[in-house]
file start-v6.cif (mmCIF, C-alpha atoms (C1' of nucleotides))
data_data
#
loop_
_atom_site.label_atom_id
_atom_site.label_comp_id
_atom_site.auth_asym_id
_atom_site.auth_seq_id
_atom_site.Cartn_x
_atom_site.Cartn_y
_atom_site.Cartn_z
CA MET A 10 -30.90 2.61 17.88
CA ALA A 11 -33.52 5.06 16.69
CA GLU A 12 -31.25 7.79 17.99
CA PRO A 13 -30.66 10.34 15.28
CA ILE A 14 -27.20 10.05 13.81
CA ALA A 15 -26.53 13.74 14.41
CA GLN A 16 -27.10 13.31 18.11
CA LEU A 17 -24.94 10.22 18.17
CA LEU A 18 -22.10 12.21 16.70
CA ARG A 19 -22.55 15.02 19.19
CA ASP A 20 -22.59 12.49 22.02
CA HIS A 21 -19.15 11.47 20.91
CA GLY A 22 -17.84 15.00 20.69
CA ILE A 23 -18.13 15.24 16.93
CA GLN A 24 -19.63 18.28 15.28
CA PRO A 25 -22.09 17.08 12.65
CA SER A 26 -21.79 18.29 9.09
CA ALA A 27 -23.45 17.17 5.89
CA GLN A 28 -20.37 15.18 4.91
CA ARG A 29 -19.93 13.57 8.30
CA LEU A 30 -23.59 12.62 8.45
CA ALA A 31 -23.42 11.00 5.05
CA VAL A 32 -20.37 8.99 6.03
CA ALA A 33 -21.88 8.06 9.37
CA GLU A 34 -25.16 6.94 7.92
CA TYR A 35 -23.44 4.45 5.74
CA VAL A 36 -20.51 3.24 7.78
CA LEU A 37 -22.19 3.00 11.16
CA ARG A 38 -25.04 0.90 9.86
CA THR A 39 -23.41 -1.46 7.42
CA GLN A 40 -22.80 -5.10 8.17
CA ASP A 41 -19.89 -5.13 5.76
CA HIS A 42 -16.34 -4.16 6.51
CA PRO A 43 -15.83 -1.43 3.96
CA GLY A 44 -12.53 0.15 3.08
CA ALA A 45 -12.13 3.87 2.64
CA ASP A 46 -12.59 3.54 -1.11
CA GLU A 47 -15.95 1.81 -0.68
CA VAL A 48 -17.08 4.42 1.78
CA LEU A 49 -16.10 7.12 -0.67
CA ALA A 50 -18.00 5.47 -3.51
CA ARG A 51 -21.10 4.95 -1.40
CA VAL A 52 -21.16 8.43 0.04
CA ARG A 53 -20.61 10.02 -3.36
CA GLY A 54 -24.03 8.67 -4.24
CA ARG A 55 -25.55 11.07 -1.76
CA VAL A 56 -22.99 13.87 -1.59
CA PRO A 57 -21.28 13.83 -4.96
CA MET A 58 -18.82 16.62 -4.26
CA ILE A 59 -17.30 15.07 -1.18
CA SER A 60 -13.54 14.77 -1.36
CA ARG A 61 -11.32 11.84 -0.65
CA ALA A 62 -9.53 13.73 2.11
CA THR A 63 -12.79 14.36 3.93
CA VAL A 64 -13.68 10.70 3.89
CA TYR A 65 -10.30 9.77 5.32
CA ASN A 66 -10.47 12.57 7.87
CA THR A 67 -13.95 11.53 8.92
CA LEU A 68 -13.16 7.85 9.21
CA ASN A 69 -10.07 8.57 11.26
CA LEU A 70 -12.07 10.91 13.45
CA PHE A 71 -14.73 8.28 14.05
CA VAL A 72 -12.07 5.76 15.00
CA GLU A 73 -10.47 8.23 17.38
CA LYS A 74 -13.83 8.94 18.99
CA GLY A 75 -14.69 5.29 19.39
CA LEU A 76 -17.48 5.01 16.84
CA LEU A 77 -15.53 2.70 14.57
CA ARG A 78 -12.87 0.11 14.85
CA GLN A 79 -10.08 0.02 12.31
CA LEU A 80 -8.94 -3.38 11.10
CA VAL A 81 -5.97 -4.45 9.04
CA LEU A 82 -6.53 -8.12 8.49
CA GLY A 83 -5.58 -8.97 4.98
CA GLU A 84 -4.58 -7.61 1.59
CA GLY A 85 -2.92 -4.69 3.34
CA LYS A 86 -6.11 -2.71 3.14
CA THR A 87 -7.60 -0.96 6.12
CA VAL A 88 -11.27 -1.63 6.70
CA PHE A 89 -13.72 -0.22 9.21
CA ASP A 90 -16.09 -2.00 11.52
CA PRO A 91 -18.94 -0.25 13.34
CA HIS A 92 -19.16 -3.20 15.68
CA VAL A 93 -16.84 -1.84 18.37
CA ALA A 94 -17.46 -4.43 21.07
CA PRO A 95 -14.83 -7.19 21.18
CA HIS A 96 -15.37 -9.95 18.68
CA HIS A 97 -13.42 -12.22 16.38
CA HIS A 98 -13.09 -12.22 12.61
CA PHE A 99 -13.34 -14.84 9.95
CA ILE A 100 -11.85 -14.13 6.53
CA ASP A 101 -13.26 -15.97 3.54
CA GLU A 102 -10.19 -16.82 1.50
CA ALA A 103 -12.21 -17.12 -1.69
CA SER A 104 -13.83 -13.72 -1.65
CA GLY A 105 -11.78 -11.82 0.88
CA ALA A 106 -14.97 -10.99 2.74
CA ILE A 107 -14.66 -10.47 6.46
CA HIS A 108 -17.30 -11.86 8.79
CA ASP A 109 -17.78 -11.10 12.46
CA VAL A 110 -17.62 -13.98 14.91
CA PRO A 111 -19.33 -13.33 18.24
CA TRP A 112 -17.02 -13.06 21.21
CA GLU A 113 -18.80 -15.88 23.02
CA ALA A 114 -18.48 -18.27 20.11
CA LEU A 115 -14.85 -18.94 20.98
CA GLU A 116 -13.03 -19.36 24.22
CA VAL A 117 -9.39 -18.33 24.56
CA ARG A 118 -7.55 -19.51 27.64
CA LYS A 119 -4.25 -18.69 29.31
CA VAL A 120 -3.99 -15.14 27.94
CA GLU A 121 -3.29 -13.87 31.43
CA LYS A 122 -0.47 -16.38 31.80
CA LEU A 123 1.66 -14.88 29.07
CA GLN A 124 4.98 -13.83 30.55
CA GLY A 125 6.22 -10.30 30.02
CA LEU A 126 3.26 -9.20 27.92
CA GLU A 127 0.62 -6.77 29.08
CA VAL A 128 -2.28 -7.64 26.80
CA LYS A 129 -4.78 -4.84 26.26
CA GLU A 130 -6.91 -6.59 23.70
CA TYR A 131 -6.92 -9.62 21.51
CA GLN A 132 -8.98 -11.40 18.94
CA VAL A 133 -8.92 -14.62 17.03
CA VAL A 134 -8.44 -14.26 13.28
CA LEU A 135 -9.70 -17.26 11.33
CA ARG A 136 -9.26 -18.00 7.65
CA GLY A 137 -11.04 -20.52 5.52
CA ARG A 138 -14.15 -20.96 3.43
CA ARG A 139 -17.78 -20.66 4.21
CA ALA A 140 -18.96 -24.21 4.51
CA PRO A 141 -21.22 -25.46 1.72
CA PRO A 142 -24.86 -25.36 2.84
CA ARG A 143 -25.73 -28.59 4.58
CA ARG A 144 -28.03 -30.59 2.34
CA GLY A 145 -31.06 -32.29 3.79
CA MET B 4 19.85 -26.34 10.40
CA ALA B 5 23.38 -26.68 9.07
CA GLU B 6 21.79 -27.47 5.72
CA PRO B 7 23.18 -25.16 3.08
CA ILE B 8 20.68 -22.54 2.07
CA ALA B 9 21.13 -23.40 -1.59
CA GLN B 10 20.03 -26.97 -0.93
CA LEU B 11 17.09 -25.76 1.13
CA LEU B 12 15.92 -23.69 -1.81
CA ARG B 13 16.29 -26.57 -4.23
CA ASP B 14 14.36 -28.82 -1.86
CA HIS B 15 11.50 -26.39 -2.19
CA GLY B 16 11.67 -26.24 -5.95
CA ILE B 17 13.47 -22.91 -6.09
CA GLN B 18 16.42 -22.41 -8.35
CA PRO B 19 19.15 -20.71 -6.33
CA SER B 20 20.71 -17.51 -7.58
CA ALA B 21 22.98 -14.99 -5.96
CA GLN B 22 20.07 -12.67 -5.26
CA ARG B 23 17.80 -15.38 -3.90
CA LEU B 24 20.55 -16.70 -1.67
CA ALA B 25 21.18 -13.27 -0.25
CA VAL B 26 17.49 -12.75 0.48
CA ALA B 27 17.17 -16.25 1.94
CA GLU B 28 20.16 -15.91 4.20
CA TYR B 29 18.66 -12.91 5.85
CA VAL B 30 14.96 -13.55 5.88
CA LEU B 31 14.98 -17.23 6.75
CA ARG B 32 17.21 -16.74 9.77
CA THR B 33 15.96 -13.53 11.32
CA GLN B 34 13.89 -13.44 14.49
CA ASP B 35 12.32 -10.17 13.39
CA HIS B 36 9.32 -9.74 11.17
CA PRO B 37 10.83 -7.63 8.42
CA GLY B 38 8.89 -5.88 5.71
CA ALA B 39 10.03 -5.90 2.13
CA ASP B 40 11.76 -2.56 2.59
CA GLU B 41 13.86 -3.90 5.44
CA VAL B 42 14.77 -6.98 3.47
CA LEU B 43 15.83 -4.78 0.59
CA ALA B 44 17.99 -2.59 2.80
CA ARG B 45 19.64 -5.58 4.46
CA VAL B 46 20.32 -7.45 1.28
CA ARG B 47 21.73 -4.36 -0.42
CA GLY B 48 24.55 -4.59 2.10
CA ARG B 49 25.70 -7.80 0.43
CA VAL B 50 24.39 -7.43 -3.11
CA PRO B 51 24.23 -3.69 -3.72
CA MET B 52 22.80 -3.82 -7.22
CA ILE B 53 19.77 -5.93 -6.34
CA SER B 54 16.51 -4.36 -7.46
CA ARG B 55 13.32 -3.79 -5.58
CA ALA B 56 11.37 -5.97 -7.98
CA THR B 57 13.68 -8.90 -7.34
CA VAL B 58 13.21 -8.65 -3.60
CA TYR B 59 9.44 -8.61 -4.01
CA ASN B 60 9.55 -11.45 -6.52
CA THR B 61 11.75 -13.50 -4.26
CA LEU B 62 9.69 -12.94 -1.13
CA ASN B 63 6.51 -13.83 -2.95
CA LEU B 64 8.17 -16.91 -4.36
CA PHE B 65 9.30 -18.01 -0.91
CA VAL B 66 5.79 -17.56 0.43
CA GLU B 67 4.35 -19.55 -2.43
CA LYS B 68 6.84 -22.34 -1.82
CA GLY B 69 6.17 -22.48 1.88
CA LEU B 70 9.45 -21.08 3.17
CA LEU B 71 7.89 -17.94 4.57
CA ARG B 72 4.61 -16.83 5.98
CA GLN B 73 3.18 -13.50 4.98
CA LEU B 74 1.50 -11.46 7.69
CA VAL B 75 -0.63 -8.33 7.51
CA LEU B 76 -1.26 -7.45 11.10
CA GLY B 77 -1.06 -3.72 11.39
CA GLU B 78 0.10 -0.49 9.80
CA GLY B 79 -1.01 -1.85 6.46
CA LYS B 80 2.45 -3.20 5.89
CA THR B 81 3.14 -6.76 4.88
CA VAL B 82 5.82 -8.50 6.91
CA PHE B 83 7.41 -11.90 6.55
CA ASP B 84 7.92 -14.60 9.12
CA PRO B 85 10.24 -17.56 8.57
CA HIS B 86 8.51 -19.34 11.42
CA VAL B 87 5.97 -21.20 9.31
CA ALA B 88 4.57 -23.49 11.99
CA PRO B 89 1.32 -22.23 13.55
CA HIS B 90 1.78 -19.68 16.27
CA HIS B 91 0.19 -16.53 17.61
CA HIS B 92 1.35 -12.92 17.43
CA PHE B 93 1.69 -10.14 19.94
CA ILE B 94 1.96 -6.57 18.66
CA ASP B 95 3.67 -4.03 20.86
CA GLU B 96 1.54 -0.92 20.45
CA ALA B 97 4.37 1.37 21.47
CA SER B 98 6.97 0.20 18.95
CA GLY B 99 4.89 -1.70 16.44
CA ALA B 100 7.19 -4.67 16.92
CA ILE B 101 5.67 -8.08 16.36
CA HIS B 102 6.54 -10.95 18.68
CA ASP B 103 5.82 -14.61 18.19
CA VAL B 104 3.73 -16.36 20.82
CA PRO B 105 4.14 -20.14 20.89
CA TRP B 106 1.12 -22.12 19.82
CA GLU B 107 0.97 -23.97 23.12
CA ALA B 108 0.98 -20.77 25.16
CA LEU B 109 -2.70 -20.23 24.42
CA GLU B 110 -5.65 -22.50 24.14
CA VAL B 111 -8.52 -21.72 21.80
CA ARG B 112 -11.69 -23.72 22.22
CA LYS B 113 -14.84 -24.24 20.21
CA VAL B 114 -13.30 -23.46 16.83
CA GLU B 115 -14.80 -26.64 15.43
CA LYS B 116 -18.23 -25.61 16.69
CA LEU B 117 -18.50 -22.56 14.42
CA GLN B 118 -21.53 -22.95 12.22
CA GLY B 119 -21.15 -22.56 8.52
CA LEU B 120 -17.44 -21.84 8.57
CA GLU B 121 -14.77 -24.20 7.37
CA VAL B 122 -11.73 -22.96 9.24
CA LYS B 123 -8.43 -23.77 7.60
CA GLU B 124 -6.22 -21.88 10.00
CA TYR B 125 -6.42 -19.38 12.77
CA GLN B 126 -4.29 -17.45 15.18
CA VAL B 127 -4.75 -15.16 18.11
CA VAL B 128 -3.59 -11.59 17.55
CA LEU B 129 -2.82 -9.77 20.78
CA ARG B 130 -2.06 -6.09 21.26
CA GLY B 131 -0.59 -4.34 24.24
CA ARG B 132 2.70 -3.43 25.77
CA ARG B 133 5.63 -5.46 26.88
CA ALA B 134 5.28 -5.55 30.62
CA PRO B 135 7.74 -3.39 32.53
CA PRO B 136 10.53 -5.51 34.00
CA ARG B 137 9.43 -6.70 37.38
CA ARG B 138 11.33 -4.74 39.98
CA GLY B 139 13.04 -6.71 42.68
"C1'" DC C 5 32.43 -24.96 -27.69
"C1'" DG C 6 28.32 -22.36 -29.74
"C1'" DC C 7 23.49 -21.84 -30.01
"C1'" DG C 8 18.84 -21.26 -28.49
"C1'" DT C 9 15.54 -21.27 -25.00
"C1'" DA C 10 14.18 -20.77 -20.25
"C1'" DT C 11 14.67 -18.28 -16.42
"C1'" DC C 12 16.07 -14.51 -13.72
"C1'" DT C 13 17.08 -9.66 -12.90
"C1'" DT C 14 16.68 -4.89 -13.70
"C1'" DA C 15 15.02 0.05 -14.01
"C1'" DG C 16 11.42 2.48 -14.22
"C1'" DA C 17 6.56 3.25 -15.05
"C1'" DC C 18 2.35 2.49 -13.00
"C1'" DG C 19 -1.64 1.79 -9.61
"C1'" DT C 20 -3.45 1.99 -5.08
"C1'" DT C 21 -3.78 3.53 -0.48
"C1'" DG C 22 -3.31 7.08 2.56
"C1'" DT C 23 -1.43 11.73 4.29
"C1'" DC C 24 -0.45 16.58 3.94
"C1'" DT C 25 -0.94 21.46 2.62
"C1'" DA C 26 -2.82 25.70 1.54
"C1'" DA C 27 -6.76 27.88 0.18
"C1'" DA C 28 -11.70 28.20 0.16
"C1'" DT C 29 -15.96 27.51 2.64
"C1'" DC C 30 -18.92 26.99 6.39
"C1'" DT C 31 -20.77 27.62 11.18
"C1'" DC C 32 -21.96 29.99 14.99
"C1'" DG C 33 -22.02 33.38 18.51
"C1'" DC C 34 -22.25 38.09 18.75
"C1'" DG D 23 -23.16 41.04 8.79
"C1'" DC D 24 -18.50 39.99 11.14
"C1'" DG D 25 -14.84 37.35 12.64
"C1'" DA D 26 -12.69 33.25 14.75
"C1'" DG D 27 -12.36 28.68 14.50
"C1'" DA D 28 -13.61 24.47 12.43
"C1'" DT D 29 -14.41 21.95 8.16
"C1'" DT D 30 -13.87 20.80 3.33
"C1'" DT D 31 -11.56 20.78 -0.91
"C1'" DA D 32 -8.24 19.74 -4.85
"C1'" DG D 33 -4.17 18.37 -5.71
"C1'" DA D 34 0.53 17.29 -4.51
"C1'" DC D 35 3.02 14.04 -2.18
"C1'" DA D 36 4.74 9.61 -0.05
"C1'" DA D 37 4.85 4.60 0.83
"C1'" DC D 38 3.99 0.13 -0.75
"C1'" DG D 39 3.56 -3.09 -4.15
"C1'" DT D 40 2.92 -4.78 -9.16
"C1'" DC D 41 3.86 -4.85 -14.00
"C1'" DT D 42 6.42 -4.45 -18.31
"C1'" DA D 43 9.95 -4.64 -21.55
"C1'" DA D 44 14.55 -5.35 -22.12
"C1'" DG D 45 18.97 -7.12 -20.75
"C1'" DA D 46 21.73 -10.74 -18.36
"C1'" DT D 47 22.38 -15.39 -17.03
"C1'" DA D 48 22.16 -20.37 -16.88
"C1'" DC D 49 21.51 -24.65 -19.02
"C1'" DG D 50 20.58 -28.42 -22.36
"C1'" DC D 51 21.77 -29.96 -26.74
"C1'" DG D 52 24.16 -30.62 -30.99
#
call {"tool": "encode", "arguments": {"input": "start-v6.cif", "output": "structure tokens"}}
result
Amino acid sequence: MAEPIAQLLRDHGIQPSAQRLAVAEYVLRTQDHPGADEVLARVRGRVPMISRATVYNTLNLFVEKGLLRQLVLGEGKTVFDPHVAPHHHFIDEASGAIHDVPWEALEVRKVEKLQGLEVKEYQVVLRGRRAPPRRG
Amino acid sequence: MAEPIAQLLRDHGIQPSAQRLAVAEYVLRTQDHPGADEVLARVRGRVPMISRATVYNTLNLFVEKGLLRQLVLGEGKTVFDPHVAPHHHFIDEASGAIHDVPWEALEVRKVEKLQGLEVKEYQVVLRGRRAPPRRG
DNA sequence: CGCGTATCTTAGACGTTGTCTAAATCTCGC
DNA sequence: GCGAGATTTAGACAACGTCTAAGATACGCG
């Protein structure tokens, strides 16, 4: 965790650069599920001259190298998730916010019984509202 | 099933029109998961002068009235599914084709145990390949 | 029937998201 | 410092979807 980001990139076969480090430092540490536009806005705070193409290139590179997962869950917008281990997602219908749901929190049965389908991965996508805080 | 499409629309509070009927006759009967562009292309075969805006308006109207379900599962493209009852989806990674998976084919447990989340609906999204036909 | 209002449809402009291209810049070993 | 290869850049481009203003259509009412 305290591993320098530059080394993390190199470990994944990615040559570090100022732009890539800036993108990595935001997107690999966030708990949110930012879209490319949010990444661009954030990173511009640190590297104002970074171009849109570089952000897209970098995000796609990170996905290809396994540092990020790309999600298309709602609104037709692609978002990125640094949490690459399998997990589920809950979408708050009010705000559109996406929340991670731990893999162990749900149990899906009979996936292996599906006829004619070779399942490589799956997840449960839930929609609803965050429950009001329980009074007491 | 033999119910005239026009009556089906009226039953859902939708005033029939030539354009809406043409869209309905395709999109409510297909087994595919067409995007708006495919609906437009199909419907143009019967009503050549129909506009893009009308197709989008009509599809959105059908979704609002509960005749269609709108899905955003991959590629950032919205597709429509006339199968409005709950079910799961399998995405063929090779072709991008989306296949319905019957609700009963999978069993998801512990949804009601999620803390702080009021789940209104959920589905399992599976990705993989269609299994090669079993040789015999 | 004729009129007026509601609704529906249309073409095209517009906005957003994402990709592509060609040129400029950077890095790094030598 | 040089040169090859990788990286970044601005802007054009493309796909998807929405919006607007104007025209067409349907429908109730006198």
call {"tool": "interface_residues", "arguments": {"input": "start-v6.cif", "of": "chain B", "to": "chain A", "cutoff": "9 Å", "atoms": "only C-alpha atoms", "output": "number ranges by chain"}}
result
B: 74-81, 93, 95, 104, 108-114, 116-137
call {"tool": "residues_around", "arguments": {"input": "start-v6.cif", "residues": "DT47 of chain D", "least_positions_apart": "2", "cutoff": "10 Å", "atoms": "all atoms listed in the file", "output": "ChimeraX atom specification"}}
result
/B:20 /C:11-13 /D:45,49
call {"tool": "resolve_selection", "arguments": {"input": "start-v6.cif", "expression": "the PyMOL selection byres ((chain D and resi 29) around 10)", "output": "PyMOL selection string"}}
result
(chain A and resi 24+26+28+63) or (chain C and resi 29-31) or (chain D and resi 27-28+30-31)
call {"tool": "atom_distance", "arguments": {"input": "start-v6.cif", "atom1": "atom CA of Arg55 of chain A", "atom2": "atom CA of Arg19 of chain A"}}
result
21.5 Å
call {"tool": "interface_residues", "arguments": {"input": "start-v6.cif", "of": "chain C", "to": "chain A", "cutoff": "12 Å", "atoms": "all atoms listed in the file", "output": "NGL selection string"}}
result
:C and (20-25 or 30-32)
call {"tool": "atom_distance", "arguments": {"input": "start-v6.cif", "atom1": "atom CA of Ala27 of chain B", "atom2": "atom CA of Trp106 of chain B"}}
result
24.7 Å
call {"tool": "resolve_selection", "arguments": {"input": "start-v6.cif", "expression": "the PyMOL selection byres ((chain C and resi 16) around 12)", "output": "count of residues only"}}
result
11
call {"tool": "resolve_selection", "arguments": {"input": "start-v6.cif", "expression": "the PyMOL selection byres ((chain D) within 10 of (chain B))", "output": "ChimeraX atom specification"}}
result
/D:37-41,47-48
call {"tool": "atom_distance", "arguments": {"input": "start-v6.cif", "atom1": "atom CA of Ala27 of chain A", "atom2": "atom CA of Val48 of chain A"}}
result
14.8 Å
call {"tool": "closest_residue", "arguments": {"input": "start-v6.cif", "among": "B:Ala88, B:Val66, B:Ile8, B:Ala25", "to": "Arg47 of chain B", "atoms": "all atoms listed in the file"}}
result
B:Ala25
call {"tool": "residues_around", "arguments": {"input": "start-v6.cif", "residues": "DA26 of chain C", "least_positions_apart": "3", "cutoff": "12 Å", "atoms": "only C-alpha atoms (C1' of nucleotides)", "output": "list in words"}}
result
DT31, DA32, DG33 and DA34 of chain D
